[in-house]
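Visitor: Contents of target11.cif (mmCIF, C-alpha atoms and all ligand atoms) are given next:
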```
data_model
loop_
_atom_site.label_atom_id
_atom_site.label_comp_id
_atom_site.auth_asym_id
_atom_site.auth_seq_id
_atom_site.Cartn_x
_atom_site.Cartn_y
_atom_site.Cartn_z
CA MET H 1 108.22 101.27 132.26
CA LYS H 2 105.19 101.25 130.00
CA TYR H 3 106.02 100.82 126.34
CA LYS H 4 103.95 102.05 123.48
CA SER H 5 103.24 99.95 120.44
CA ILE H 6 103.08 101.99 117.24
CA LEU H 7 102.32 100.45 113.87
CA HIS H 8 103.28 102.05 110.55
CA LEU H 9 101.58 100.71 107.42
CA ASP H 10 102.57 101.74 103.91
CA LEU H 11 101.09 100.49 100.63
CA ASP H 12 103.88 99.34 98.29
CA THR H 13 104.33 101.43 95.11
CA PHE H 14 100.69 102.37 95.60
CA PHE H 15 99.75 103.81 92.17
CA VAL H 16 101.58 101.00 90.38
CA SER H 17 99.89 98.35 92.55
CA VAL H 18 96.43 99.75 91.78
CA GLU H 19 97.22 99.68 88.05
CA ARG H 20 98.35 96.06 88.38
CA LEU H 21 95.16 95.16 90.17
CA LEU H 22 93.15 96.60 87.28
CA HIS H 23 95.51 95.30 84.58
CA PRO H 24 96.98 91.97 85.80
CA GLU H 25 99.17 91.71 82.69
CA LEU H 26 101.38 94.41 84.26
CA GLN H 27 102.40 92.02 87.06
CA ASN H 28 106.21 91.68 87.32
CA ARG H 29 106.73 94.13 84.47
CA PRO H 30 108.47 97.48 84.76
CA VAL H 31 105.74 100.13 85.14
CA LEU H 32 105.85 103.92 85.28
CA VAL H 33 102.85 105.99 86.38
CA GLY H 34 102.72 109.71 85.78
CA GLY H 35 102.20 112.38 83.17
CA LEU H 36 102.58 111.14 79.61
CA GLY H 37 103.65 114.32 77.87
CA ASP H 38 107.24 115.23 77.18
CA ARG H 39 107.15 117.42 80.27
CA GLY H 40 105.38 114.85 82.46
CA VAL H 41 106.76 113.65 85.78
CA VAL H 42 107.04 110.12 87.26
CA ALA H 43 104.56 109.87 90.16
CA ALA H 44 105.27 106.20 90.93
CA CYS H 45 107.52 103.47 89.52
CA SER H 46 107.63 99.73 90.09
CA TYR H 47 110.61 98.04 91.75
CA GLU H 48 111.61 96.58 88.36
CA THR H 49 112.44 100.08 87.06
CA ARG H 50 114.56 101.12 90.03
CA ARG H 51 117.71 99.26 89.08
CA PHE H 52 117.79 101.43 85.94
CA GLY H 53 118.07 104.50 88.15
CA VAL H 54 114.42 105.50 87.86
CA HIS H 55 112.80 107.20 90.84
CA SER H 56 109.58 109.09 91.47
CA GLY H 57 109.71 112.83 90.86
CA MET H 58 112.05 112.52 87.86
CA SER H 59 110.97 113.64 84.42
CA MET H 60 109.06 111.01 82.47
CA LYS H 61 111.23 111.67 79.45
CA VAL H 62 114.41 110.74 81.33
CA ALA H 63 112.73 107.72 82.96
CA ARG H 64 111.69 106.40 79.53
CA GLN H 65 115.23 106.79 78.28
CA LEU H 66 116.62 104.92 81.29
CA CYS H 67 114.03 102.15 81.08
CA PRO H 68 112.60 102.02 77.54
CA GLN H 69 110.94 98.63 78.15
CA ALA H 70 108.68 100.06 80.87
CA THR H 71 104.93 100.29 80.38
CA VAL H 72 103.95 103.91 80.90
CA ILE H 73 100.52 104.69 82.32
CA LYS H 74 98.82 108.02 82.83
CA GLY H 75 97.72 108.02 86.44
CA ASN H 76 94.16 108.52 87.61
CA SER H 77 93.76 110.32 90.92
CA ALA H 78 90.06 109.35 91.24
CA THR H 79 90.88 105.64 91.10
CA TYR H 80 93.73 105.92 93.61
CA SER H 81 91.58 107.98 95.96
CA LYS H 82 88.96 105.24 95.86
CA TYR H 83 91.44 102.48 96.78
CA SER H 84 92.96 104.68 99.46
CA ASP H 85 89.49 104.95 101.01
CA VAL H 86 88.96 101.18 100.81
CA VAL H 87 92.14 100.59 102.85
CA THR H 88 91.26 103.41 105.25
CA GLU H 89 87.87 101.80 105.97
CA ILE H 90 89.47 98.43 106.79
CA ILE H 91 91.88 100.07 109.25
CA LYS H 92 89.18 102.27 110.73
CA ASN H 93 87.05 99.21 111.52
CA LYS H 94 89.90 97.47 113.35
CA VAL H 95 91.80 100.25 115.11
CA PRO H 96 90.16 103.11 116.97
CA ALA H 97 93.23 105.39 117.09
CA PHE H 98 94.88 105.70 113.72
CA GLU H 99 96.43 108.44 111.66
CA LYS H 100 96.19 108.69 107.89
CA ALA H 101 99.56 110.26 107.19
CA SER H 102 99.11 110.32 103.41
CA ILE H 103 96.95 108.58 100.84
CA ASP H 104 98.99 105.36 101.15
CA GLU H 105 100.42 105.56 104.65
CA PHE H 106 98.98 105.04 108.13
CA TYR H 107 100.01 104.98 111.78
CA ALA H 108 98.06 103.13 114.45
CA ASP H 109 98.49 103.04 118.20
CA LEU H 110 98.18 99.41 119.31
CA SER H 111 99.29 100.04 122.89
CA GLY H 112 97.29 98.02 125.34
CA MET H 113 96.13 95.47 122.77
CA ASP H 114 99.05 93.21 123.64
CA LYS H 115 97.38 92.23 126.87
CA PHE H 116 94.68 90.39 125.01
CA PHE H 117 96.11 89.52 121.71
CA GLY H 118 99.70 90.42 121.05
CA THR H 119 100.31 93.50 118.94
CA TYR H 120 102.48 91.73 116.39
CA ARG H 121 99.85 89.11 115.76
CA PHE H 122 97.18 91.81 115.54
CA ALA H 123 99.28 93.79 113.01
CA THR H 124 99.97 90.66 110.98
CA GLU H 125 96.29 89.83 110.74
CA LEU H 126 95.39 93.42 109.87
CA ARG H 127 97.95 93.42 107.06
CA GLN H 128 96.64 90.08 105.72
CA GLN H 129 93.10 91.42 105.81
CA ILE H 130 94.09 94.53 103.83
CA ILE H 131 95.90 92.43 101.24
CA LYS H 132 92.93 90.06 100.92
CA GLU H 133 90.19 92.67 100.80
CA SER H 134 91.88 95.40 98.75
CA GLY H 135 94.13 93.20 96.62
CA LEU H 136 97.02 95.58 97.26
CA PRO H 137 100.46 94.76 98.70
CA ILE H 138 101.24 96.58 101.94
CA SER H 139 104.17 96.51 104.38
CA PHE H 140 104.43 97.37 108.05
CA GLY H 141 106.92 98.21 110.74
CA LEU H 142 106.07 97.78 114.42
CA SER H 143 108.02 99.33 117.30
CA GLN H 144 107.48 101.64 120.24
CA ASN H 145 107.43 104.86 118.17
CA LYS H 146 106.54 106.35 114.81
CA ILE H 147 110.06 107.02 113.51
CA VAL H 148 111.47 103.55 114.17
CA SER H 149 108.32 101.93 112.77
CA LYS H 150 108.48 104.03 109.60
CA ILE H 151 112.12 103.14 109.04
CA ALA H 152 111.28 99.48 109.75
CA THR H 153 108.54 99.54 107.08
CA GLY H 154 111.10 100.82 104.58
CA GLU H 155 113.42 97.95 105.47
CA ALA H 156 110.60 95.40 105.29
CA LYS H 157 109.49 96.38 101.76
CA PRO H 158 108.38 95.06 99.36
CA ASN H 159 105.27 93.34 100.71
CA ASN H 160 106.62 92.28 104.08
CA GLN H 161 106.66 93.17 107.77
CA LEU H 162 109.19 93.85 110.49
CA LEU H 163 109.00 93.93 114.28
CA ILE H 164 111.60 95.95 116.18
CA GLU H 165 111.50 94.73 119.78
CA ASN H 166 111.83 97.15 122.64
CA GLY H 167 115.48 97.71 123.46
CA THR H 168 116.75 96.74 120.01
CA GLU H 169 116.05 100.07 118.27
CA ARG H 170 119.66 101.28 118.38
CA SER H 171 121.16 98.09 117.00
CA PHE H 172 118.48 97.93 114.27
CA LEU H 173 119.28 101.48 113.16
CA ALA H 174 123.09 101.32 113.50
CA PRO H 175 124.05 99.77 110.12
CA LEU H 176 121.50 101.77 108.07
CA SER H 177 122.37 104.80 105.95
CA VAL H 178 121.67 108.16 107.63
CA ARG H 179 119.51 108.83 104.56
CA LYS H 180 116.89 106.49 106.06
CA ILE H 181 116.12 108.90 108.90
CA PRO H 182 112.99 110.87 108.02
CA MET H 183 113.87 114.59 107.71
CA ILE H 184 117.31 113.96 106.22
CA GLY H 185 116.96 115.38 102.72
CA SER H 186 119.66 115.62 100.13
CA LYS H 187 121.13 118.82 101.60
CA THR H 188 121.53 117.46 105.14
CA PHE H 189 122.75 114.18 103.67
CA GLN H 190 125.51 116.01 101.77
CA THR H 191 126.50 117.92 104.92
CA LEU H 192 126.76 114.66 106.85
CA LEU H 193 128.69 112.97 104.03
CA GLY H 194 131.10 115.91 104.13
CA LEU H 195 131.75 115.03 107.77
CA GLY H 196 132.29 111.40 106.87
CA VAL H 197 128.97 110.36 108.40
CA ARG H 198 127.32 107.62 106.34
CA GLU H 199 125.80 105.19 108.79
CA ILE H 200 123.44 105.91 111.64
CA LYS H 201 125.97 104.17 113.91
CA THR H 202 128.34 107.13 113.50
CA ILE H 203 125.69 109.57 114.72
CA GLN H 204 125.01 107.26 117.68
CA GLU H 205 128.67 107.59 118.65
CA MET H 206 128.71 111.40 118.35
CA PRO H 207 127.86 113.72 121.24
CA VAL H 208 124.56 115.53 120.68
CA GLU H 209 126.36 118.90 120.94
CA MET H 210 128.39 118.08 117.85
CA MET H 211 125.26 117.39 115.80
CA GLU H 212 123.76 120.61 117.12
CA SER H 213 126.77 122.69 116.21
CA VAL H 214 126.67 121.40 112.62
CA LEU H 215 122.92 121.25 111.98
CA GLY H 216 121.43 123.52 114.63
CA LYS H 217 118.13 122.56 116.23
CA ASN H 218 117.54 119.84 113.63
CA GLY H 219 120.81 118.25 114.73
CA ARG H 220 119.33 117.37 118.10
CA THR H 221 116.21 115.86 116.54
CA ILE H 222 118.28 113.82 114.09
CA TRP H 223 120.54 112.64 116.92
CA LYS H 224 117.49 111.51 118.92
CA ARG H 225 116.04 109.72 115.93
CA ALA H 226 119.38 107.99 115.34
CA HIS H 227 119.01 106.61 118.87
CA GLY H 228 115.48 105.44 118.16
CA ILE H 229 113.99 108.11 120.41
CA ASP H 230 110.74 109.74 119.25
CA ASP H 231 107.60 110.72 121.10
CA SER H 232 105.55 112.31 118.32
CA PRO H 233 101.87 111.49 118.81
CA ILE H 234 99.38 109.77 116.54
CA ILE H 235 97.03 112.39 115.14
CA PRO H 236 93.67 110.63 114.95
CA PHE H 237 92.03 110.73 111.55
CA HIS H 238 88.72 112.13 112.76
CA GLU H 239 90.48 115.04 114.43
CA ARG H 240 92.00 116.28 111.23
CA LYS H 241 90.72 119.77 110.89
CA SER H 242 88.99 121.23 107.95
CA ILE H 243 89.84 124.66 106.67
CA SER H 244 87.27 127.18 105.64
CA ALA H 245 86.72 130.75 104.64
CA GLU H 246 83.63 132.85 104.30
CA ARG H 247 82.68 136.32 103.36
CA THR H 248 79.76 138.54 104.29
CA PHE H 249 79.12 141.18 101.69
CA HIS H 250 78.86 144.80 102.65
CA ARG H 251 75.67 144.94 100.65
CA ASP H 252 73.68 141.80 99.70
CA THR H 253 74.38 140.96 96.11
CA ILE H 254 73.52 138.92 93.06
CA ASN H 255 76.43 140.34 91.12
CA MET H 256 77.77 137.14 89.54
CA VAL H 257 81.11 138.68 88.68
CA GLN H 258 81.66 139.65 92.29
CA LEU H 259 80.43 136.29 93.64
CA HIS H 260 82.61 134.40 91.21
CA ALA H 261 85.66 136.51 92.07
CA THR H 262 85.10 136.04 95.80
CA LEU H 263 84.70 132.29 95.47
CA THR H 264 87.84 132.05 93.37
CA ALA H 265 89.90 134.20 95.73
CA MET H 266 88.85 132.17 98.76
CA ALA H 267 89.58 128.92 96.91
CA GLU H 268 93.02 130.13 95.87
CA ASN H 269 93.84 131.13 99.40
CA LEU H 270 92.69 127.87 100.98
CA ALA H 271 94.36 125.74 98.29
CA TYR H 272 97.58 127.62 98.93
CA GLN H 273 97.26 126.80 102.62
CA LEU H 274 96.74 123.14 101.79
CA ARG H 275 99.93 123.10 99.74
CA ARG H 276 101.87 125.00 102.36
CA GLY H 277 100.70 122.57 105.05
CA ASN H 278 101.44 119.59 102.79
CA LYS H 279 97.80 118.57 102.68
CA LEU H 280 95.25 117.35 100.18
CA THR H 281 91.49 117.69 100.46
CA SER H 282 88.88 115.11 99.48
CA VAL H 283 85.64 116.86 100.46
CA ILE H 284 84.69 120.37 99.39
CA SER H 285 81.63 122.36 100.34
CA VAL H 286 80.03 125.67 99.47
CA LYS H 287 77.74 127.68 101.72
CA ILE H 288 75.28 130.42 100.77
CA ARG H 289 73.34 132.66 103.14
CA TYR H 290 70.54 134.57 101.49
CA SER H 291 69.33 138.00 102.50
CA ASP H 292 66.51 136.34 104.49
CA PHE H 293 69.25 134.60 106.56
CA ASN H 294 68.35 131.14 105.36
CA THR H 295 71.61 129.23 104.91
CA TYR H 296 72.28 126.32 102.58
CA THR H 297 75.35 124.17 102.09
CA LYS H 298 76.26 121.56 99.55
CA GLN H 299 79.26 119.28 99.60
CA ALA H 300 80.94 116.86 97.24
CA LYS H 301 83.52 114.13 97.56
CA ILE H 302 86.38 114.62 95.12
CA PRO H 303 89.69 112.88 94.38
CA TYR H 304 92.48 114.08 96.68
CA THR H 305 93.93 117.34 95.42
CA SER H 306 95.42 120.70 96.39
CA ALA H 307 95.32 122.23 92.93
CA ASP H 308 93.37 125.44 92.25
CA HIS H 309 92.55 124.52 88.68
CA ILE H 310 90.81 121.35 89.86
CA LEU H 311 89.15 122.82 92.96
CA ILE H 312 87.77 126.04 91.48
CA PRO H 313 85.58 124.48 88.75
CA ARG H 314 84.18 121.96 91.28
CA LEU H 315 83.35 124.75 93.73
CA GLU H 316 81.69 126.74 90.96
CA GLU H 317 79.63 123.70 90.04
CA LEU H 318 78.47 123.37 93.67
CA PHE H 319 77.66 127.07 93.77
CA ARG H 320 75.53 126.79 90.62
CA GLN H 321 73.62 123.83 92.08
CA LEU H 322 73.12 125.66 95.35
CA TYR H 323 72.08 129.05 94.04
CA ASN H 324 68.51 128.38 93.02
CA ARG H 325 66.50 131.00 94.86
CA ARG H 326 66.49 134.26 93.02
CA LEU H 327 67.32 136.12 96.18
CA LEU H 328 70.16 138.43 97.13
CA ILE H 329 73.14 136.72 98.72
CA ARG H 330 74.45 137.91 102.05
CA LEU H 331 77.34 135.49 102.58
CA ILE H 332 79.25 132.82 100.74
CA GLY H 333 81.71 130.38 102.20
CA ILE H 334 83.79 127.38 101.21
CA LYS H 335 85.26 124.53 103.22
CA PHE H 336 87.85 121.84 102.50
CA SER H 337 87.71 118.73 104.69
CA GLY H 338 88.69 115.07 104.56
CA LEU H 339 92.28 116.29 104.69
CA VAL H 340 95.26 113.97 104.45
CA GLY H 341 98.97 114.54 104.18
CA GLY H 342 100.49 114.64 100.73
CA HIS H 343 101.94 116.98 98.22
CA TYR H 344 101.50 117.66 94.52
CA GLN H 345 102.23 114.06 93.66
CA ILE H 346 98.59 113.05 93.30
CA ASN H 347 98.11 115.66 90.59
CA LEU H 348 101.26 114.91 88.66
CA PHE H 349 99.41 112.89 86.03
CA ASP H 350 97.33 115.74 84.77
CA ASP H 351 99.94 118.38 85.17
CA THR H 352 102.98 119.21 83.22
CA GLN H 353 106.15 120.35 84.88
CA GLU H 354 105.20 123.89 83.79
CA MET H 355 101.97 123.67 85.76
CA LEU H 356 103.81 122.49 88.87
CA ASP H 357 106.42 125.20 88.40
CA LEU H 358 103.63 127.76 88.12
CA TYR H 359 102.15 126.62 91.45
CA HIS H 360 105.57 126.72 93.07
CA SER H 361 106.14 130.26 91.80
CA LEU H 362 102.70 131.50 92.85
CA ASP H 363 103.15 129.97 96.30
CA TYR H 364 106.63 131.43 96.55
CA ILE H 365 105.32 134.89 95.78
CA ARG H 366 102.52 134.50 98.33
CA THR H 367 104.96 133.37 101.01
CA ARG H 368 107.53 135.99 100.16
CA TYR H 369 105.38 139.07 99.65
CA GLY H 370 102.05 138.28 101.25
CA ASP H 371 98.66 138.44 99.63
CA ASP H 372 98.62 142.16 98.99
CA ASN H 373 101.14 141.96 96.20
CA ILE H 374 100.02 138.71 94.78
CA VAL H 375 99.84 137.84 91.14
CA MET H 376 96.18 137.04 90.72
CA ARG H 377 94.30 134.85 88.35
CA ALA H 378 92.40 137.14 85.97
CA SER H 379 89.01 136.24 87.46
CA THR H 380 89.97 137.37 90.94
CA MET H 381 90.91 140.84 89.80
CA GLY H 382 87.32 142.02 90.19
CA GLY H 383 87.16 141.15 93.89
CA THR H 384 89.02 141.88 97.06
CA LEU H 385 91.35 139.14 98.09
CA VAL H 386 90.65 137.47 101.36
CA GLY H 387 93.21 138.34 104.00
CA ARG H 388 96.37 136.53 104.77
CA MET H 389 95.86 133.65 107.14
CA ASP H 390 98.11 131.74 109.41
CA ASN H 391 98.91 128.14 108.70
CA PRO H 392 95.84 126.25 109.98
CA PHE H 393 97.79 123.04 110.52
CA ASN H 394 99.93 124.30 113.37
CA GLY H 395 97.09 124.30 115.84
CA ALA H 396 95.82 127.84 115.26
CA PRO H 397 92.17 127.92 114.22
CA PRO H 398 91.49 129.17 110.70
CA VAL H 399 90.55 132.80 110.50
CA LEU H 400 86.98 133.51 109.57
CA LEU H 401 86.61 136.33 107.18
CA ALA H 402 83.15 137.54 107.96
CA HIS H 403 82.33 141.22 107.63
CA ARG H 404 85.14 142.05 105.32
CA GLN H 405 83.89 144.68 103.00
CA SER H 406 84.34 144.46 99.30
MG MG B 1 103.67 103.87 99.84
#
```
When written as structure tokens, how does the structure in this file appear?
Guide:
Amino acid sequence: MKYKSILHLDLDTFFVSVERLLHPELQNRPVLVGGLGDRGVVAACSYETRRFGVHSGMSMKVARQLCPQATVIKGNSATYSKYSDVVTEIIKNKVPAFEKASIDEFYADLSGMDKFFGTYRFATELRQQIIKESGLPISFGLSQNKIVSKIATGEAKPNNQLLIENGTERSFLAPLSVRKIPMIGSKTFQTLLGLGVREIKTIQEMPVEMMESVLGKNGRTIWKRAHGIDDSPIIPFHERKSISAERTFHRDTINMVQLHATLTAMAENLAYQLRRGNKLTSVISVKIRYSDFNTYTKQAKIPYTSADHILIPRLEELFRQLYNRRLLIRLIGIKFSGLVGGHYQINLFDDTQEMLDLYHSLDYIRTRYGDDNIVMRASTMGGTLVGRMDNPFNGAPPVLLAHRQS
């Protein structure tokens, strides 16, 4: 049987480590990174703060009460995006098939390399190179699939590595808490606790039907993961799709109110899709087609984000730079690319809990009622909203919105 060799790499307390690189006096001190206001949220915390019960996602106010000696730093998404790219470049130059799962997490398929080199030795050298060149601590897990490797990375941390040899997956997983299985959130965890299931070993001893009857379809997946079985593929970085939207006007226009409203509506829709697909963008572009059919595009690299209030002003700036011929406009379009996995976390520094709650509510309304009944930002009221689109991350191509009349 031919085994695969899948490497999972994860930068340790990424935001904190970058801050320590820039401010060495923070080394070995408790550090919190996040929003500084009373309503701010902890985006990352150093290991020193964890024994006080601090974890990421909790309110900064509570974290400060639990660990008053911690140094609190307002995060900077531009800086973290830059370091994320530095690490990505190192991996890209060494491994042809890799996946950037989030801004601080990577999978790489090393299958076949063992013939020449030994995958464990290769992974060890790659990790040392990242540490040396980026200055950031990183851990890895190596096994025959993504799930076991990810769990192994978690066990290796901080700043270490772990090889799970073929055939030892089950015994490696057995003593661990079921909580360590990716996809077991607090709700599923409580359900399992209610059944007296704490360790993965207990799931290994249960028939799959039992897990299915309690947890439905997820029960089977969890049962397989508990046995170290997983065949999810690496999604190569360069194949990550972009998402885009464009709009041809019924009548060519230079009506700035209408153009602005259209741009904003498209941006809101695409940003919503990013959030729904758990994605962040790092490259945005704007396209203009004039009435003479000449088409121009302009793009910009930006810090990873999925937030409307960051994206819209940047798109407007690009539009202003692009729109320099005093001609009627036939079409405008926008595109988000350079996508990686990740949620609101990267924007937590700038945003208060209220802002995050607002996004959650807006997204909830969009999901629940569709775009026709949506609560719109004031500036989009003057335009027609672009239509509802399917999730572009499930394989379906994004819908182009040409020829929609305003
Ligand atoms: Mg990490």
Visitor: Residues within 10 Å of Pro182 (chain H), please, as a list in words. Count all atoms listed in the file; anything in the same chain fewer than 6 positions from it doesn't count.
Guide: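 Skipping anything fewer than 6 positions along the chain leaves Ile147, Val148, Lys150, Ile151, Ile222 and Arg225 of chain H.
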Visitor: Choose the residue, out of H:Arg39, H:Arg314, H:Lys287, H:Lys157, that has the smallest atom-to-atom separation from ligand MG 1 (chain B); count all atoms listed in the file.
Guide: H:Lys157
Visitor: Please report the interatomic distance between CA of Ala152 (chain H) and CA of Pro233 (chain H) in Å with one decimal.
Guide: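 Atom-to-atom, CA of Ala152 (chain H) to CA of Pro233 (chain H), that is 17.7 Å.
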Visitor: Could you tell me which of H:Thr153, H:Gly112, H:Ser81, H:Gly37 comes closest to ligand MG 1 (chain B) if we count all atoms listed in the file?
Guide: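 Looking at the shortest contact to ligand MG 1 (chain B), the residue is H:Thr153.
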Visitor: Near Pro96 (chain H), counting only C-alpha atoms, which residues have an atom at most 12 Å away, once you skip same-chain residues fewer than 4 positions from it, shown as a list of chain:residue names?
Guide: H:Thr88, H:Glu89, H:Ile90, H:Ile91, H:Lys92, H:Tyr107, H:Ala108, H:Asp109, H:Leu110, H:Ser111, H:Met113, H:Ile234, H:Ile235, H:Pro236, H:Phe237, H:His238
Visitor: Output C-alpha atoms for every residue in that selection, as a PDB file, keeping the file's coordinate frame.
Guide:
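Final output, saved to selection39.pdb:
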```pdb
ATOM      1  CA  THR H  88      91.260 103.410 105.250  1.00  0.00           C
ATOM      2  CA  GLU H  89      87.870 101.800 105.970  1.00  0.00           C
ATOM      3  CA  ILE H  90      89.470  98.430 106.790  1.00  0.00           C
ATOM      4  CA  ILE H  91      91.880 100.070 109.250  1.00  0.00           C
ATOM      5  CA  LYS H  92      89.180 102.270 110.730  1.00  0.00           C
ATOM      6  CA  TYR H 107     100.010 104.980 111.780  1.00  0.00           C
ATOM      7  CA  ALA H 108      98.060 103.130 114.450  1.00  0.00           C
ATOM      8  CA  ASP H 109      98.490 103.040 118.200  1.00  0.00           C
ATOM      9  CA  LEU H 110      98.180  99.410 119.310  1.00  0.00           C
ATOM     10  CA  SER H 111      99.290 100.040 122.890  1.00  0.00           C
ATOM     11  CA  MET H 113      96.130  95.470 122.770  1.00  0.00           C
ATOM     12  CA  ILE H 234      99.380 109.770 116.540  1.00  0.00           C
ATOM     13  CA  ILE H 235      97.030 112.390 115.140  1.00  0.00           C
ATOM     14  CA  PRO H 236      93.670 110.630 114.950  1.00  0.00           C
ATOM     15  CA  PHE H 237      92.030 110.730 111.550  1.00  0.00           C
ATOM     16  CA  HIS H 238      88.720 112.130 112.760  1.00  0.00           C
TER      17      HIS H 238
END
```
Visitor: Show which residues sit within 6 Å of Tyr304 (chain H), as a list in words. Count all atoms listed in the file, and ignore same-chain residues fewer than 2 positions away.
Guide: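 Listing them by chain and then by number gives Leu280, Thr281 and Ser282 of chain H.
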